[in-house]
Structure formats: C-alpha cells, structure tokens
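Colleague: Input input20.cif, format and content: mmCIF, C-alpha atoms and all ligand atoms.
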```cif
data_my_file
#
loop_
_atom_site.label_atom_id
_atom_site.label_comp_id
_atom_site.auth_asym_id
_atom_site.auth_seq_id
_atom_site.Cartn_x
_atom_site.Cartn_y
_atom_site.Cartn_z
CA MET P 2 10.18 51.91 -47.74
CA ASN P 3 10.01 54.89 -45.41
CA LYS P 4 6.59 56.34 -44.77
CA TYR P 5 5.56 59.95 -45.33
CA ILE P 6 2.19 60.56 -43.70
CA VAL P 7 0.30 63.69 -44.71
CA PHE P 8 -2.71 64.77 -42.64
CA ASP P 9 -5.70 66.98 -43.31
CA LEU P 10 -6.53 69.43 -40.48
CA ASP P 11 -10.24 70.35 -40.18
CA ASP P 12 -12.47 67.54 -38.90
CA THR P 13 -9.53 65.14 -39.10
CA LEU P 14 -7.14 66.25 -36.35
CA PHE P 15 -9.76 68.36 -34.51
CA TYR P 16 -13.48 69.02 -34.92
CA GLU P 17 -14.31 72.16 -36.88
CA VAL P 18 -17.48 72.59 -34.82
CA ASP P 19 -15.23 73.24 -31.80
CA PHE P 20 -13.66 76.11 -33.74
CA LEU P 21 -17.16 77.44 -34.50
CA LYS P 22 -18.13 77.28 -30.81
CA SER P 23 -14.90 79.02 -29.81
CA ALA P 24 -15.52 81.80 -32.35
CA TYR P 25 -19.17 82.20 -31.33
CA LYS P 26 -18.14 82.54 -27.69
CA GLU P 27 -15.61 85.23 -28.51
CA ILE P 28 -18.09 87.14 -30.68
CA ALA P 29 -20.82 86.88 -28.01
CA LYS P 30 -18.37 88.27 -25.43
CA LYS P 31 -17.61 91.23 -27.69
CA LEU P 32 -21.29 92.03 -28.28
CA VAL P 33 -22.45 91.48 -24.69
CA PRO P 34 -19.55 92.49 -22.48
CA ASP P 35 -20.68 90.85 -19.23
CA ASP P 36 -21.66 87.38 -18.05
CA ASN P 37 -24.86 87.54 -20.07
CA TYR P 38 -22.88 86.65 -23.16
CA ILE P 39 -23.69 82.99 -22.43
CA SER P 40 -27.33 83.41 -23.39
CA LEU P 41 -26.34 85.12 -26.64
CA TYR P 42 -23.84 82.33 -27.30
CA ASN P 43 -26.56 79.70 -26.80
CA GLU P 44 -28.88 81.66 -29.07
CA MET P 45 -26.20 81.73 -31.78
CA LEU P 46 -25.68 77.97 -31.53
CA GLU P 47 -29.40 77.40 -31.77
CA LEU P 48 -29.58 79.56 -34.91
CA TYR P 49 -26.62 77.68 -36.36
CA TYR P 50 -28.22 74.28 -35.80
CA LYS P 51 -31.43 75.60 -37.41
CA GLN P 52 -29.26 76.64 -40.38
CA GLN P 53 -30.20 80.30 -39.99
CA ASP P 54 -28.06 83.25 -41.10
CA VAL P 55 -26.41 83.70 -37.67
CA PHE P 56 -24.22 86.68 -38.57
CA GLY P 57 -26.96 88.41 -40.57
CA ILE P 58 -29.33 88.21 -37.61
CA LEU P 59 -26.63 89.34 -35.17
CA ALA P 60 -25.53 92.22 -37.40
CA SER P 61 -29.01 93.77 -37.49
CA LYS P 62 -29.66 93.12 -33.78
CA PHE P 63 -26.38 94.71 -32.63
CA HIS P 64 -25.95 97.29 -35.44
CA SER P 65 -22.79 95.60 -36.59
CA SER P 66 -21.96 94.22 -40.04
CA LYS P 67 -21.70 90.66 -41.27
CA GLU P 68 -18.23 91.41 -42.59
CA VAL P 69 -16.99 92.52 -39.14
CA LEU P 70 -18.46 89.41 -37.51
CA LEU P 71 -17.03 87.12 -40.19
CA THR P 72 -13.60 88.65 -39.72
CA LEU P 73 -13.84 88.05 -35.96
CA TYR P 74 -14.85 84.48 -36.71
CA ARG P 75 -11.96 83.86 -39.05
CA GLU P 76 -9.25 85.72 -37.16
CA HIS P 77 -9.94 84.90 -33.50
CA PHE P 78 -7.43 82.70 -31.69
CA PRO P 79 -9.38 79.50 -31.10
CA ASP P 80 -9.80 77.43 -27.96
CA ILE P 81 -9.75 73.96 -29.56
CA ASN P 82 -8.31 70.51 -28.83
CA LEU P 83 -7.06 67.57 -30.86
CA ARG P 84 -9.50 64.69 -31.30
CA ASP P 85 -9.14 61.83 -28.85
CA GLY P 86 -6.02 59.77 -29.45
CA VAL P 87 -4.41 62.10 -31.99
CA LYS P 88 -1.68 63.47 -29.71
CA ASP P 89 -0.47 59.97 -28.80
CA ILE P 90 -0.37 58.94 -32.44
CA LEU P 91 1.59 62.04 -33.52
CA ASN P 92 4.06 61.44 -30.69
CA LYS P 93 4.46 57.79 -31.58
CA LEU P 94 5.08 58.56 -35.25
CA LYS P 95 7.55 61.29 -34.32
CA ASP P 96 9.43 58.89 -32.00
CA GLU P 97 9.73 56.49 -34.91
CA ASN P 98 11.11 59.26 -37.14
CA ILE P 99 8.24 58.89 -39.58
CA LYS P 100 7.98 61.97 -41.78
CA MET P 101 4.72 63.89 -41.43
CA GLY P 102 3.06 66.71 -43.37
CA LEU P 103 -0.08 68.81 -43.14
CA LEU P 104 -2.24 69.65 -46.17
CA THR P 105 -5.26 71.87 -45.53
CA ASP P 106 -7.52 74.24 -47.40
CA GLY P 107 -8.39 77.62 -45.93
CA ARG P 108 -7.16 81.07 -45.05
CA SER P 109 -3.63 81.50 -43.79
CA VAL P 110 -4.52 83.37 -40.58
CA THR P 111 -7.34 80.98 -39.65
CA GLN P 112 -5.40 77.78 -40.30
CA ARG P 113 -2.18 79.10 -38.71
CA ASN P 114 -4.11 80.04 -35.56
CA LYS P 115 -5.61 76.55 -35.39
CA ILE P 116 -2.16 74.96 -35.79
CA LYS P 117 -0.77 77.19 -33.00
CA ALA P 118 -3.71 76.55 -30.70
CA LEU P 119 -3.34 72.80 -31.17
CA ASP P 120 0.45 73.09 -30.70
CA ILE P 121 1.23 70.73 -33.58
CA GLU P 122 3.48 72.80 -35.85
CA ASN P 123 6.65 70.96 -34.84
CA TYR P 124 5.40 67.56 -35.90
CA PHE P 125 5.32 68.48 -39.57
CA ASP P 126 8.09 68.58 -42.09
CA LYS P 127 5.92 70.62 -44.44
CA ILE P 128 2.67 72.55 -43.95
CA ILE P 129 0.63 73.47 -47.03
CA ILE P 130 -2.30 75.89 -46.62
CA SER P 131 -4.29 76.60 -49.78
CA GLU P 132 -4.38 80.40 -49.44
CA GLU P 133 -0.61 80.56 -48.99
CA PHE P 134 0.04 77.94 -51.67
CA GLY P 135 -2.26 79.33 -54.35
CA SER P 136 -4.40 76.28 -55.12
CA GLU P 137 -6.83 74.02 -53.28
CA LYS P 138 -7.53 70.32 -53.01
CA PRO P 139 -8.03 68.35 -55.18
CA ASP P 140 -5.36 70.15 -57.26
CA LYS P 141 -2.45 67.77 -57.92
CA LYS P 142 0.06 70.51 -57.07
CA ASN P 143 -1.03 70.51 -53.43
CA TYR P 144 -0.10 66.82 -53.11
CA ASN P 145 2.91 66.71 -55.42
CA VAL P 146 4.68 69.37 -53.35
CA PHE P 147 5.31 66.67 -50.71
CA LEU P 148 6.99 64.26 -53.09
CA GLU P 149 10.49 63.07 -52.30
CA PRO P 150 12.18 59.94 -53.59
CA GLY P 151 12.26 56.87 -51.35
CA TYR P 152 8.93 57.37 -49.57
CA GLU P 153 5.58 55.68 -49.53
CA PHE P 154 2.88 58.38 -49.19
CA PHE P 155 -0.31 58.40 -47.14
CA TYR P 156 -3.11 60.95 -46.96
CA ILE P 157 -5.23 60.90 -43.82
CA ALA P 158 -8.42 62.97 -44.01
CA ASP P 159 -12.19 63.06 -43.55
CA ASN P 160 -13.92 64.38 -46.67
CA PRO P 161 -14.42 62.11 -49.72
CA LYS P 162 -15.75 65.06 -51.72
CA LYS P 163 -12.28 66.50 -52.19
CA ASP P 164 -9.62 64.75 -50.09
CA PHE P 165 -8.94 61.35 -51.66
CA ILE P 166 -9.54 61.52 -55.40
CA THR P 167 -6.12 62.99 -56.23
CA PRO P 168 -3.95 60.95 -53.85
CA ASN P 169 -5.78 57.83 -55.12
CA LEU P 170 -4.76 58.78 -58.67
CA LEU P 171 -1.18 59.49 -57.57
CA GLY P 172 -0.85 56.07 -55.94
CA TRP P 173 -0.84 57.25 -52.33
CA LYS P 174 -2.45 55.17 -49.59
CA THR P 175 -5.65 56.91 -48.48
CA ILE P 176 -7.31 56.55 -45.09
CA MET P 177 -10.54 58.22 -44.00
CA ILE P 178 -10.94 58.95 -40.29
CA GLU P 179 -14.46 58.30 -39.06
CA ASP P 180 -16.49 60.82 -37.13
CA ASN P 181 -17.16 58.85 -33.95
CA GLU P 182 -19.02 61.61 -32.19
CA GLY P 183 -21.31 62.89 -34.94
CA LYS P 184 -19.57 66.27 -34.81
CA LYS P 185 -18.61 66.88 -38.41
CA ILE P 186 -19.79 70.14 -39.92
CA HIS P 187 -19.98 69.12 -43.58
CA ALA P 188 -22.30 66.33 -44.59
CA ILE P 189 -20.82 63.78 -46.95
CA PRO P 190 -22.91 62.84 -49.99
CA ASN P 191 -24.00 59.19 -49.99
CA ILE P 192 -23.43 58.66 -53.67
CA LEU P 193 -19.87 59.16 -54.83
CA GLN P 194 -17.92 57.33 -57.48
CA GLU P 195 -15.44 54.80 -56.14
CA LYS P 196 -12.44 56.96 -57.05
CA TYR P 197 -13.51 59.54 -54.44
CA ASN P 198 -13.39 57.10 -51.55
CA ALA P 199 -10.46 56.36 -49.31
CA GLU P 200 -9.00 52.86 -49.52
CA LYS P 201 -9.65 52.37 -45.84
CA THR P 202 -11.87 53.92 -43.20
CA VAL P 203 -10.95 53.76 -39.56
CA SER P 204 -11.39 55.53 -36.23
CA TRP P 205 -8.34 57.14 -34.60
CA GLN P 206 -8.41 54.34 -32.07
CA TYR P 207 -7.37 51.79 -34.69
CA PHE P 208 -5.31 54.07 -36.93
CA TYR P 209 -1.88 53.02 -35.78
CA ALA P 210 -2.43 49.32 -36.53
CA LEU P 211 -3.42 50.25 -40.06
CA ILE P 212 -0.16 51.93 -41.06
CA GLU P 213 2.24 49.45 -39.44
MG MG R 1 -11.25 68.03 -43.44
#
```
Write the structure described by the file as structure tokens, please.

Modeller:
Amino acid sequence: MNKYIVFDLDDTLFYEVDFLKSAYKEIAKKLVPDDNYISLYNEMLELYYKQQDVFGILASKFHSSKEVLLTLYREHFPDINLRDGVKDILNKLKDENIKMGLLTDGRSVTQRNKIKALDIENYFDKIIISEEFGSEKPDKKNYNVFLEPGYEFFYIADNPKKDFITPNLLGWKTIMIEDNEGKKIHAIPNILQEKYNAEKTVSWQYFYALIE
C-alpha cells in the first residue's frame, strides 16, 4: 500500500525553543535599539529558564504592555532551522513520491511564518493548522481530513499528551521522535495510559529505516 506520512511541526520538525529565542531576540532589539540588546536578550532567557513572567517583567520595565509583547512574539518572522536530518528525510520521501502532510496546532500567522522560514511548504500535500481548521488535536476531524482510499497512514510527532491517542484509535501507525538534545519546551508526563503512547519511538537518525 502507498504511504501517507503526516508530520507534526513544533518540536518534531524544529525545536520550539529556537522560535522562542528568535522572538526574544527580535523583542529585545525593539526595546533596546542598539547593540546592548544582547544583554536584555540574555536576561529574558534567564527569566524564561527560571519560569518567571518574562513579558510581565519587561512590560513594566519598558512601559509597554504584555499584549504588545505577546503579539510581537507570535507574529515575528522567525529565524529557525529544521532539526538535524529532517531535510534529507523530507527530500528522500519526496523523491520516492510518498505523500506527506502537516498537522499542527496553533495560530495561523505563527505557524505559517514557521513553515515559510523552514521552507517546507512544498513538501506537503495538505497543511492543517488548528486555528484555520477550527478544531485542535486530538479531535478526530483533524486527522480524518487527510483520509484518502488506498493509503496507509502515519503520524510522526513528539507529544504523547495529545498527538497519538487519536491516530492510534484510527489505526494509523504512530511514531514519536525523541528529543536528542534536551531542547523540548513542554515536559511530558511520566504516567500516561498506553493508548496515549506512540507505537514506536525513534530519533530522526533512524527514522527512515522504520518506515521502509
Ligand atoms: Mg509538537
């Protein structure tokens, strides 16, 4: 049977923390419009890692508002890269005419900017973004929209809290991509029922062998 491989975006194809750093840099440059922005940027990262209210602190320090800073965060055009090995895998799958899709939760402008920055739009037959689509994972609709007769479906993602439960129920093959560099933003709970877990867990390095 032909394969239809659907990918998650955040923390699967690229690391969301790289988006955060890119946004922080841009915001720091706006607030401190000379080379000193670097020290503000480092301060912001430090606050983030200490789980402080970064934008609240910045808003009072620079007489701005959290809403303005959040909008900058969400709408800036990010400087981000695909995770190691991803580009080669997408190219290989494309060369083999394997159908690919993208299924991600988030705001349209934010996710579309990420897709543009990563230059991956052309790999995908269908791109589903929750804000544009009207529902979020794990809603069945978000997965069923990819269905076409004659295909075996895969979902490739990183977050057992919401990514795999529905495709597992629908009979898709599910693969979780490991975080090799300890860069994932959202912690995964240790205790989850079996139905939430992907069938297989692998690093991008060994992904291709798994779907052959
Ligand atoms: Mg994800």

Colleague: Check the smallest atom-to-atom distance from each of P:Arg84, P:Lys26, P:Lys142, P:His187 to Ser204 in chain P using all atoms listed in the file, then report the winner.

Modeller: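 Nearest to Ser204 in chain P: P:Arg84.
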
Colleague: Which neighbours of Gly57 in chain P fall inside 10 Å, counting all atoms listed in the file, when residues of the same chain fewer than 6 positions from it are skipped, and could you give them as a ChimeraX atom specification?

Modeller: /P:65-68,70

Colleague: Using Å and a single decimal, report how far CA of Asn43 in chain P sits from CA of Ile58 in chain P.

Modeller: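 These atoms are spaced 14.0 Å apart.
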
Colleague: Would you list the residues that come within 7 Å of ligand MG 1 (chain R)? Count only C-alpha atoms and all ligand atoms and give the answer as a PyMOL selection string.

Modeller: chain P and resi 9-13+158-160

Colleague: Could you check how far CA of Pro161 in chain P sits from CA of Lys141 in chain P, in Å to one decimal?

Modeller: 15.6 Å

Colleague: Calculated over all atoms listed in the file, which of the candidates P:Lys31, P:His77, P:Lys162, P:Lys115 has the smallest distance to Tyr16 in chain P?

Modeller: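 Distance minimum relative to Tyr16 in chain P lands on P:Lys115.
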
Colleague: Measure the distance from CA of Lys22 in chain P to CA of Asn114 in chain P in Å and round it to one decimal.

Modeller: 15.1 Å

Colleague: Here is a test: counting only C-alpha atoms, which residue of P:Leu41, P:Ile121, P:Leu171, P:Ile130 is nearest to Leu91 in chain P?

Modeller: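 Counting only C-alpha atoms, the residue closest to Leu91 in chain P is P:Ile121.
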
Colleague: Restricting the calculation to only C-alpha atoms, which member of P:Phe155, P:Tyr49, P:Ala188, P:Lys163 is positioned closest to Ile212 in chain P?

Modeller: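 Checking each candidate against Ile212 in chain P, we get P:Phe155 as the closest.
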
Colleague: Write out as number ranges by chain which residues come within 10 Å of Ile157 in chain P when counting all atoms listed in the file, dropping same-chain ones fewer than 5 positions away.

Modeller: P: 6-10, 13-14, 103-104, 164-165, 174-178, 199, 201-202, 208

Colleague: Select, counting all atoms listed in the file, all protein, DNA and RNA residues no farther than 12 Å from (-13.3, 75.9, -28.7) in file coordinates, and express the selection as a list in words.

Modeller: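 Protein and nucleic acid residues near the point are Phe15, Tyr16, Glu17, Val18, Asp19, Phe20, Leu21, Lys22, Ser23, Ala24, Tyr25, Lys26, Glu27, Tyr74, His77, Phe78, Pro79, Asp80, Ile81, Asn82, Leu83, Lys115, Ala118 and Leu119 of chain P.
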
Colleague: Might I get the box with edges along x, y and z of the file that holds all atoms of range 70-74 of chain P listed there, padded by 4 Å on every side, given as centre and edge lengths in Å to one decimal, as JSON?

Modeller:
```
{"center_x": -16.0, "center_y": 86.9, "center_z": -38.1, "size_x": 12.9, "size_y": 12.9, "size_z": 12.2}
```

Colleague: Leaving out Tyr42 in chain P and any residue of its chain fewer than 3 positions from it, which residues lie within 8 Å of it when counting all atoms listed in the file, given as a list in words?

Modeller: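 With the cut-off at 8 Å, the set is Tyr25, Lys26, Ala29, Tyr38, Ile39, Met45 and Leu46 of chain P.
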
Colleague: Selecting C-alpha atoms, how would range 29-69 of chain P from this structure be written as a compact mmCIF listing (two decimals), in the first residue's frame?

Modeller:
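Wrote it out as decode_5.txt, contents follow:
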```
# COMPACT_ATOMS: atom_id res chain seq x y z
CA ALA P 29 15.00 42.79 22.75
CA LYS P 30 16.10 44.64 19.59
CA LYS P 31 12.85 46.62 19.56
CA LEU P 32 13.15 47.61 23.23
CA VAL P 33 16.89 48.37 23.18
CA PRO P 34 17.66 49.68 19.72
CA ASP P 35 21.45 49.30 19.77
CA ASP P 36 23.96 46.52 20.35
CA ASN P 37 23.06 46.40 24.03
CA TYR P 38 20.01 44.36 23.15
CA ILE P 39 22.15 41.24 23.72
CA SER P 40 22.23 41.75 27.47
CA LEU P 41 18.46 42.21 27.55
CA TYR P 42 18.07 39.09 25.43
CA ASN P 43 20.21 37.09 27.87
CA GLU P 44 18.22 38.48 30.77
CA MET P 45 14.98 37.37 29.09
CA LEU P 46 16.32 33.85 28.56
CA GLU P 47 17.40 33.68 32.17
CA LEU P 48 13.92 34.73 33.32
CA TYR P 49 12.38 32.16 31.00
CA TYR P 50 14.51 29.32 32.37
CA LYS P 51 13.58 30.43 35.90
CA GLN P 52 9.93 30.21 34.79
CA GLN P 53 9.32 33.89 35.52
CA ASP P 54 6.69 36.06 33.82
CA VAL P 55 9.11 37.38 31.16
CA PHE P 56 6.64 39.64 29.34
CA GLY P 57 5.09 40.95 32.56
CA ILE P 58 8.51 41.98 33.86
CA LEU P 59 9.50 43.50 30.51
CA ALA P 60 6.21 45.37 30.16
CA SER P 61 6.64 47.22 33.47
CA LYS P 62 10.36 47.86 32.90
CA PHE P 63 9.87 49.34 29.41
CA HIS P 64 6.37 50.82 29.88
CA SER P 65 4.97 48.50 27.27
CA SER P 66 2.12 46.01 27.60
CA LYS P 67 2.14 42.23 27.78
CA GLU P 68 -0.32 42.12 24.91
CA VAL P 69 2.01 44.11 22.62
```
